[in-house]
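To be precise, the following lines are start17.cif, and they hold mmCIF, C-alpha atoms and all ligand atoms.
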```cif
data_query
loop_
_atom_site.label_atom_id
_atom_site.label_comp_id
_atom_site.auth_asym_id
_atom_site.auth_seq_id
_atom_site.Cartn_x
_atom_site.Cartn_y
_atom_site.Cartn_z
CA MET A 148 47.45 7.48 -39.15
CA LEU A 149 51.18 6.73 -39.48
CA ALA A 150 53.06 4.88 -36.77
CA VAL A 151 56.82 4.40 -36.89
CA ARG A 152 57.87 1.66 -34.50
CA GLY A 153 61.54 1.12 -33.77
CA LEU A 154 62.63 1.84 -37.33
CA THR A 155 66.33 1.12 -37.72
CA TRP A 156 68.72 1.12 -40.67
CA ARG A 157 72.20 -0.26 -40.14
CA ILE A 158 75.13 -0.27 -42.49
CA GLY A 159 77.46 -2.80 -40.94
CA GLU A 160 77.69 -1.94 -37.26
CA VAL A 161 76.61 1.68 -37.73
CA ALA A 162 72.96 2.59 -37.09
CA ILE A 163 72.21 5.40 -39.58
CA VAL A 164 68.62 5.40 -38.27
CA ASP A 165 68.45 4.15 -34.72
CA ASN A 166 65.25 2.77 -33.21
CA VAL A 167 62.96 5.68 -34.15
CA HIS A 168 59.40 5.79 -32.80
CA LEU A 169 56.97 8.38 -34.16
CA ASP A 170 53.21 8.86 -34.42
CA LEU A 171 51.51 11.10 -36.93
CA ALA A 172 47.89 11.94 -36.18
CA PRO A 173 45.29 12.70 -38.90
CA GLY A 174 45.72 16.29 -40.09
CA GLU A 175 48.93 16.76 -38.13
CA PHE A 176 52.05 18.51 -39.38
CA LEU A 177 55.25 17.00 -38.00
CA GLY A 178 58.52 18.72 -38.82
CA VAL A 179 61.75 16.73 -38.76
CA ILE A 180 64.92 18.65 -37.97
CA GLY A 181 68.47 17.77 -36.96
CA PRO A 182 72.08 18.71 -37.69
CA ASN A 183 73.67 17.68 -40.99
CA GLY A 184 74.07 13.92 -41.24
CA ALA A 185 71.56 13.27 -38.41
CA GLY A 186 69.70 10.69 -40.52
CA LYS A 187 66.63 12.70 -41.60
CA THR A 188 66.73 11.74 -45.28
CA SER A 189 67.57 8.16 -44.34
CA LEU A 190 64.48 8.05 -42.11
CA PHE A 191 62.42 9.36 -45.03
CA ASN A 192 63.87 6.67 -47.27
CA LEU A 193 62.76 4.00 -44.80
CA VAL A 194 59.27 5.47 -44.46
CA SER A 195 58.73 5.87 -48.21
CA GLY A 196 60.23 2.44 -48.89
CA LEU A 197 63.24 3.57 -50.91
CA ARG A 198 65.42 1.60 -48.47
CA PRO A 199 64.41 -1.52 -46.55
CA ALA A 200 64.63 -1.09 -42.78
CA THR A 201 66.94 -3.42 -40.90
CA GLU A 202 64.48 -3.52 -38.00
CA GLY A 203 61.18 -2.01 -36.97
CA ARG A 204 57.65 -1.63 -38.26
CA LEU A 205 55.70 0.99 -40.16
CA LEU A 206 51.93 1.14 -39.84
CA LEU A 207 49.69 3.17 -42.15
CA HIS A 208 46.06 3.36 -40.99
CA GLY A 209 46.92 0.41 -38.73
CA ARG A 210 48.20 -1.73 -41.59
CA ASP A 211 51.81 -2.91 -41.61
CA VAL A 212 53.31 -1.49 -44.81
CA GLY A 213 56.97 -1.84 -43.86
CA HIS A 214 57.56 -4.67 -46.32
CA LEU A 215 55.90 -2.96 -49.31
CA PRO A 216 57.79 -1.27 -52.18
CA PRO A 217 57.42 2.55 -52.58
CA HIS A 218 54.71 2.44 -55.27
CA ARG A 219 52.51 0.14 -53.16
CA ARG A 220 52.89 2.46 -50.16
CA ALA A 221 52.07 5.45 -52.38
CA ARG A 222 48.95 3.70 -53.63
CA LEU A 223 47.83 3.25 -50.01
CA GLY A 224 48.22 6.99 -49.41
CA LEU A 225 51.84 7.42 -48.33
CA GLY A 226 53.18 9.87 -50.89
CA ARG A 227 56.65 11.34 -51.19
CA THR A 228 57.65 14.32 -53.31
CA PHE A 229 59.08 13.29 -56.64
CA GLN A 230 62.60 14.52 -57.25
CA SER A 231 62.99 16.93 -60.18
CA SER A 232 64.72 14.13 -62.07
CA SER A 233 61.36 12.38 -62.48
CA VAL A 234 59.91 15.41 -64.28
CA PHE A 235 59.84 15.27 -68.09
CA GLY A 236 61.46 18.59 -68.93
CA SER A 237 60.30 18.79 -72.54
CA LEU A 238 56.67 18.02 -71.70
CA SER A 239 54.36 20.74 -70.45
CA VAL A 240 53.67 21.18 -66.74
CA ARG A 241 50.09 20.02 -67.31
CA GLU A 242 51.19 16.94 -69.26
CA ASN A 243 53.53 15.92 -66.44
CA VAL A 244 50.73 16.10 -63.87
CA ARG A 245 48.30 14.39 -66.24
CA LEU A 246 50.70 11.45 -66.58
CA ALA A 247 51.06 11.25 -62.80
CA VAL A 248 47.27 11.20 -62.32
CA GLN A 249 46.96 8.54 -65.02
CA ALA A 250 49.70 6.44 -63.44
CA HIS A 251 47.93 6.66 -60.09
CA ARG A 252 44.54 5.70 -61.49
CA GLY A 253 45.83 2.86 -63.64
CA GLY A 254 45.39 2.39 -67.37
CA SER A 255 43.00 -0.52 -67.58
CA MET A 256 39.97 1.52 -68.68
CA ARG A 257 37.59 -0.02 -71.20
CA LEU A 258 37.77 1.74 -74.56
CA TRP A 259 34.21 3.10 -74.35
CA ARG A 260 34.99 4.72 -71.06
CA ARG A 261 38.28 6.18 -72.22
CA ALA A 262 37.06 9.62 -73.33
CA ALA A 263 35.27 10.30 -70.05
CA ALA A 264 38.20 8.93 -68.08
CA ASP A 265 40.65 11.13 -70.02
CA ARG A 266 38.51 14.15 -69.20
CA ASP A 267 38.47 13.22 -65.51
CA VAL A 268 42.25 12.84 -65.52
CA LEU A 269 42.68 16.29 -67.03
CA VAL A 270 40.26 17.81 -64.51
CA ALA A 271 42.22 16.21 -61.66
CA ALA A 272 45.53 17.43 -63.13
CA ASP A 273 44.23 20.98 -63.46
CA ALA A 274 42.85 20.87 -59.91
CA ALA A 275 46.28 19.83 -58.60
CA LEU A 276 47.96 22.65 -60.54
CA ASP A 277 45.41 25.08 -59.18
CA ARG A 278 46.07 23.95 -55.60
CA VAL A 279 49.79 24.71 -55.88
CA GLY A 280 49.34 27.97 -57.79
CA LEU A 281 50.76 26.75 -61.10
CA ALA A 282 47.63 26.94 -63.25
CA GLY A 283 48.99 29.97 -65.09
CA ARG A 284 52.10 28.01 -66.09
CA ARG A 285 50.42 24.79 -67.17
CA ASP A 286 51.45 25.03 -70.83
CA ALA A 287 55.10 25.87 -70.14
CA PRO A 288 57.65 23.11 -70.74
CA ALA A 289 58.45 21.74 -67.24
CA GLY A 290 62.15 22.18 -67.92
CA THR A 291 61.77 25.95 -68.11
CA LEU A 292 60.32 26.40 -64.60
CA ALA A 293 62.15 28.44 -61.96
CA HIS A 294 63.25 26.65 -58.76
CA GLY A 295 60.21 27.71 -56.73
CA GLU A 296 57.87 26.63 -59.54
CA LYS A 297 59.64 23.26 -59.78
CA ARG A 298 59.00 22.65 -56.08
CA LYS A 299 55.32 23.46 -56.68
CA LEU A 300 55.23 21.04 -59.60
CA GLU A 301 56.73 18.33 -57.39
CA ILE A 302 53.91 18.92 -54.90
CA ALA A 303 51.31 18.82 -57.71
CA LEU A 304 52.77 15.48 -58.85
CA LEU A 305 52.48 14.25 -55.29
CA LEU A 306 48.84 15.41 -55.10
CA ALA A 307 48.12 13.40 -58.24
CA GLY A 308 48.55 10.32 -56.06
CA GLU A 309 45.88 11.53 -53.59
CA PRO A 310 48.08 11.05 -50.52
CA SER A 311 46.68 10.93 -47.00
CA VAL A 312 50.23 11.34 -45.67
CA MET A 313 52.62 13.65 -47.54
CA LEU A 314 56.34 13.20 -47.05
CA LEU A 315 58.15 16.41 -47.99
CA ASP A 316 61.95 16.31 -48.09
CA GLU A 317 63.31 19.85 -48.00
CA PRO A 318 60.63 21.44 -50.21
CA MET A 319 62.29 24.86 -49.85
CA ALA A 320 65.63 23.69 -51.23
CA GLY A 321 66.86 26.09 -53.91
CA VAL A 322 63.80 28.33 -53.52
CA SER A 323 64.58 32.05 -53.42
CA ALA A 324 63.74 33.88 -50.19
CA GLU A 325 60.92 35.87 -51.79
CA ASP A 326 59.21 32.68 -53.03
CA VAL A 327 59.33 30.89 -49.66
CA PRO A 328 56.19 32.48 -48.09
CA GLU A 329 53.98 31.45 -51.02
CA LEU A 330 55.26 27.87 -50.91
CA VAL A 331 54.71 27.77 -47.15
CA GLU A 332 51.09 28.84 -47.74
CA VAL A 333 50.62 26.13 -50.39
CA ILE A 334 51.86 23.48 -47.96
CA ARG A 335 49.77 24.90 -45.12
CA SER A 336 46.62 24.84 -47.26
CA LEU A 337 47.16 21.17 -48.12
CA THR A 338 47.75 20.11 -44.51
CA GLY A 339 44.69 18.85 -42.70
CA GLU A 340 42.57 18.85 -45.87
CA ALA A 341 40.45 15.69 -45.60
CA GLY A 342 42.64 14.71 -42.63
CA ARG A 343 45.86 14.82 -44.67
CA SER A 344 49.00 14.70 -42.51
CA VAL A 345 52.46 15.98 -43.38
CA LEU A 346 55.92 14.79 -42.38
CA MET A 347 58.49 17.31 -43.53
CA VAL A 348 62.27 17.56 -43.33
CA GLU A 349 63.41 21.15 -43.61
CA HIS A 350 66.53 23.07 -42.72
CA HIS A 351 64.80 26.45 -42.56
CA MET A 352 63.74 26.68 -38.91
CA ASP A 353 61.49 29.66 -39.59
CA VAL A 354 59.53 27.55 -42.08
CA ILE A 355 59.23 24.61 -39.68
CA LEU A 356 58.14 26.90 -36.87
CA ARG A 357 55.42 28.43 -39.04
CA LEU A 358 53.97 25.08 -40.07
CA ALA A 359 54.62 22.40 -37.49
CA ASP A 360 52.24 21.18 -34.80
CA ARG A 361 55.13 19.14 -33.41
CA ILE A 362 58.83 18.89 -34.18
CA ALA A 363 60.94 15.72 -34.12
CA VAL A 364 64.65 16.27 -33.58
CA MET A 365 67.12 13.70 -34.89
CA HIS A 366 70.72 13.40 -33.82
CA HIS A 367 73.15 10.61 -34.74
CA GLY A 368 70.28 8.59 -36.20
CA ALA A 369 68.19 8.64 -33.03
CA LEU A 370 65.20 10.71 -31.99
CA LEU A 371 66.35 13.29 -29.46
CA ALA A 372 62.95 14.89 -28.84
CA CYS A 373 59.47 15.07 -30.32
CA ASP A 374 57.19 17.74 -28.94
CA THR A 375 55.55 21.10 -29.59
CA PRO A 376 57.83 23.73 -31.18
CA GLU A 377 58.00 25.73 -27.92
CA THR A 378 59.02 22.73 -25.82
CA VAL A 379 61.54 21.49 -28.37
CA MET A 380 63.19 24.89 -28.76
CA ALA A 381 63.52 25.21 -24.98
CA ASN A 382 65.04 21.71 -24.61
CA PRO A 383 68.69 21.99 -23.45
CA THR A 384 69.63 18.65 -25.05
CA VAL A 385 68.37 19.90 -28.42
CA GLN A 386 70.28 23.16 -28.01
CA GLN A 387 73.40 21.13 -27.15
CA ALA A 388 73.00 18.99 -30.29
CA TYR A 389 72.86 22.14 -32.39
CA LEU A 390 75.81 23.82 -30.65
CA GLY A 391 77.75 25.68 -33.29
CA GLU A 392 74.79 25.72 -35.69
CA ALA A 393 72.10 28.36 -35.93
CA LEU A 394 68.88 26.97 -34.50
N1 LIG B 1 73.96 4.75 -48.61
C1 LIG B 1 74.75 5.15 -47.61
N2 LIG B 1 75.90 4.53 -47.33
C2 LIG B 1 76.68 4.92 -46.31
N3 LIG B 1 76.38 5.93 -45.48
C3 LIG B 1 75.25 6.60 -45.71
C4 LIG B 1 74.37 6.25 -46.77
N4 LIG B 1 73.30 7.10 -46.74
C5 LIG B 1 73.53 7.93 -45.71
N5 LIG B 1 74.68 7.65 -45.10
C6 LIG B 1 75.24 8.34 -43.92
O1 LIG B 1 74.24 8.37 -42.94
C7 LIG B 1 74.26 9.59 -42.23
C8 LIG B 1 72.90 10.24 -42.30
O2 LIG B 1 72.67 10.72 -43.62
P1 LIG B 1 71.33 11.47 -44.03
O3 LIG B 1 71.49 11.94 -45.43
O4 LIG B 1 70.16 10.61 -43.72
O5 LIG B 1 71.35 12.69 -43.02
P2 LIG B 1 70.50 14.02 -43.05
O6 LIG B 1 70.08 14.28 -41.65
O7 LIG B 1 69.42 13.94 -44.06
O8 LIG B 1 71.61 15.06 -43.49
P3 LIG B 1 71.48 16.46 -44.25
O9 LIG B 1 70.78 17.39 -43.31
O10 LIG B 1 72.91 16.85 -44.45
O11 LIG B 1 70.73 16.22 -45.52
C9 LIG B 1 75.38 10.42 -42.84
O12 LIG B 1 76.53 10.29 -42.04
C10 LIG B 1 75.58 9.80 -44.20
O13 LIG B 1 76.92 9.94 -44.61
#
```
I need this file expressed as structure tokens, please.
Amino acid sequence: MLAVRGLTWRIGEVAIVDNVHLDLAPGEFLGVIGPNGAGKTSLFNLVSGLRPATEGRLLLHGRDVGHLPPHRRARLGLGRTFQSSSVFGSLSVRENVRLAVQAHRGGSMRLWRRAAADRDVLVAADAALDRVGLAGRRDAPAGTLAHGEKRKLEIALLLAGEPSVMLLDEPMAGVSAEDVPELVEVIRSLTGEAGRSVLMVEHHMDVILRLADRIAVMHHGALLACDTPETVMANPTVQQAYLGEAL
């Protein structure tokens, strides 16, 4: 589904991401962990296209997408969570998702088809809100959402793009402990649906362990290990990399 081949990002002589190889199978959940500064977000930036890789290839469904800008990758099914900054705070939750669906589907509808198309867009927006458990908040201004709700909205905006691979960068950030289980369930329910795969960076090990089929461990830009949670947790090299940090 997604193949990362020798992806590298150098700044001067320093390899921030160093020759990373990864494979993501259809329906698979791959968690990415690593100590602070290990290069996790940088790897995500290379995969989503926010930064151009210095070296390496990225294949989506066998097609080389490494040279494409983020919106072209998203259109092919490689979707990354929007940051909260891309949410229109004064517009309603529903309106935000509607705009994202519309942007994904393109605006070149013939006038006589517009009404039906508008209805379809709204149905898709409501379906996305339903999937993340935000239907009851659809009329609230997006700017008034609590942290946990904002993370759900970001996932709904991502769903608007109908991704076959979802890239989630710390979806639990800022979410209160009591809201974490619900968000974990939302993410779990979306994984594997129609073969959808997930690549997720997350600091909360308990969350990763609950969701991941495999875990990739980054350290100093390189991939230290990529295996089942049990094997990774028992790996002495991984434990060494985390020395001094709670694993
Ligand atoms: N644009 C940049 N210019 C210079 N150095 C950068 C840049 N972006 C990232 N770095 C450096 O690259 C390293 C990896 O950063 P990155 O944010 O990818 O790590 P991370 O694993 O996501 O860290 P964290 O867990 O703290 O979010 C860090 O040392 C960071 O300072």
From A:Gly178, A:Gly368, A:Pro216, A:Gly290, residue lying nearest Val348 of chain A [all atoms listed in the file]: A:Gly178
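Among the candidates A:Val234, A:Ala274, A:Leu169, A:Ala320, the residue lying nearest to ligand LIG 1 (chain B) is A:Ala320 (atoms considered: all atoms listed in the file).
With a cut-off of 7 Å and using all atoms listed in the file, the polymer residues contacting ligand LIG 1 (chain B) are Ile158, Ile163, Gly181, Pro182, Asn183, Gly184, Ala185, Gly186, Lys187, Thr188, Ser189, Leu190 and Gly368 of chain A.
Going from atom CA of Gly224 of chain A to atom CA of Ala369 of chain A covers 25.9 Å.
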Minimum-distance residue to Arg284 of chain A, chosen among A:Leu171, A:Arg241, A:Phe191, A:Arg252 (using only C-alpha atoms): A:Arg241
Best match for closeness to Glu377 of chain A among A:Met365, A:Val354, A:Ala359, A:Tyr389, counting only C-alpha atoms: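 Counting only C-alpha atoms, the residue closest to Glu377 of chain A is A:Ala359.
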Distance of atom CA of Asn243 of chain A from atom CA of Asn192 of chain A, expressed in Å to one decimal place: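 Taking atom CA of Asn192 of chain A and atom CA of Asn243 of chain A, their separation equals 23.7 Å.
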Who sits within 12 Å of Leu281 of chain A, all atoms listed in the file, same chain under 5 positions skipped, as a PyMOL selection string: chain A and resi 239-241+244+272-276+286-287+289+292-293+295-304+329-330+333
Between atom CA of Ala271 of chain A and atom CA of Val248 of chain A, distance in Å (one decimal):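 Taking atom CA of Ala271 of chain A and atom CA of Val248 of chain A, their separation equals 7.1 Å.
A search radius of 7 Å centred on (56.8, 5.9, -33.0), applied to all atoms listed in the file, returns the residues Ala150, Val151, Arg152, Gly153, Val167, His168, Leu169 and Asp170 of chain A.
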Nearest to Thr201 of chain A by atom-to-atom distance, counting all atoms listed in the file, from A:Ala307, A:Val268, A:Met148, A:Val161: A:Val161
Protein, DNA and RNA residues within 9 Å of (44.6, 5.9, -60.1), all atoms listed in the file, as a list in words: Arg222, Ala247, Val248, Gln249, Ala250, His251, Arg252, Gly253, Gly254, Ala307, Gly308 and Glu309 of chain A
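Each of A:Ile180, A:Leu154, A:Glu175, A:His351 was checked against Val379 of chain A using only C-alpha atoms; the smallest atom-to-atom distance is that of A:Ile180.
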All residues 6 Å or closer to segment 341-346 of chain A, all atoms listed in the file, same chain fewer than 2 positions away omitted, as a ChimeraX atom specification: /A:173-178,311-314,338-339
Excluding Gly196 of chain A and any residue of its chain fewer than 3 positions from it, enumerate the residues within 10 Å of it, using all atoms listed in the file, and give them as a PDB file with C-alpha atoms, in the coordinates of the input.
```pdb
ATOM      1  CA  LEU A 190      64.480   8.050 -42.110  1.00  0.00           C
ATOM      2  CA  PHE A 191      62.420   9.360 -45.030  1.00  0.00           C
ATOM      3  CA  ASN A 192      63.870   6.670 -47.270  1.00  0.00           C
ATOM      4  CA  LEU A 193      62.760   4.000 -44.800  1.00  0.00           C
ATOM      5  CA  PRO A 199      64.410  -1.520 -46.550  1.00  0.00           C
ATOM      6  CA  ALA A 200      64.630  -1.090 -42.780  1.00  0.00           C
ATOM      7  CA  LEU A 205      55.700   0.990 -40.160  1.00  0.00           C
ATOM      8  CA  VAL A 212      53.310  -1.490 -44.810  1.00  0.00           C
ATOM      9  CA  GLY A 213      56.970  -1.840 -43.860  1.00  0.00           C
ATOM     10  CA  HIS A 214      57.560  -4.670 -46.320  1.00  0.00           C
ATOM     11  CA  LEU A 215      55.900  -2.960 -49.310  1.00  0.00           C
ATOM     12  CA  PRO A 216      57.790  -1.270 -52.180  1.00  0.00           C
ATOM     13  CA  PRO A 217      57.420   2.550 -52.580  1.00  0.00           C
ATOM     14  CA  HIS A 218      54.710   2.440 -55.270  1.00  0.00           C
ATOM     15  CA  ARG A 219      52.510   0.140 -53.160  1.00  0.00           C
ATOM     16  CA  ARG A 220      52.890   2.460 -50.160  1.00  0.00           C
ATOM     17  CA  ALA A 221      52.070   5.450 -52.380  1.00  0.00           C
ATOM     18  CA  LEU A 225      51.840   7.420 -48.330  1.00  0.00           C
ATOM     19  CA  ARG A 227      56.650  11.340 -51.190  1.00  0.00           C
TER      20      ARG A 227
END
```
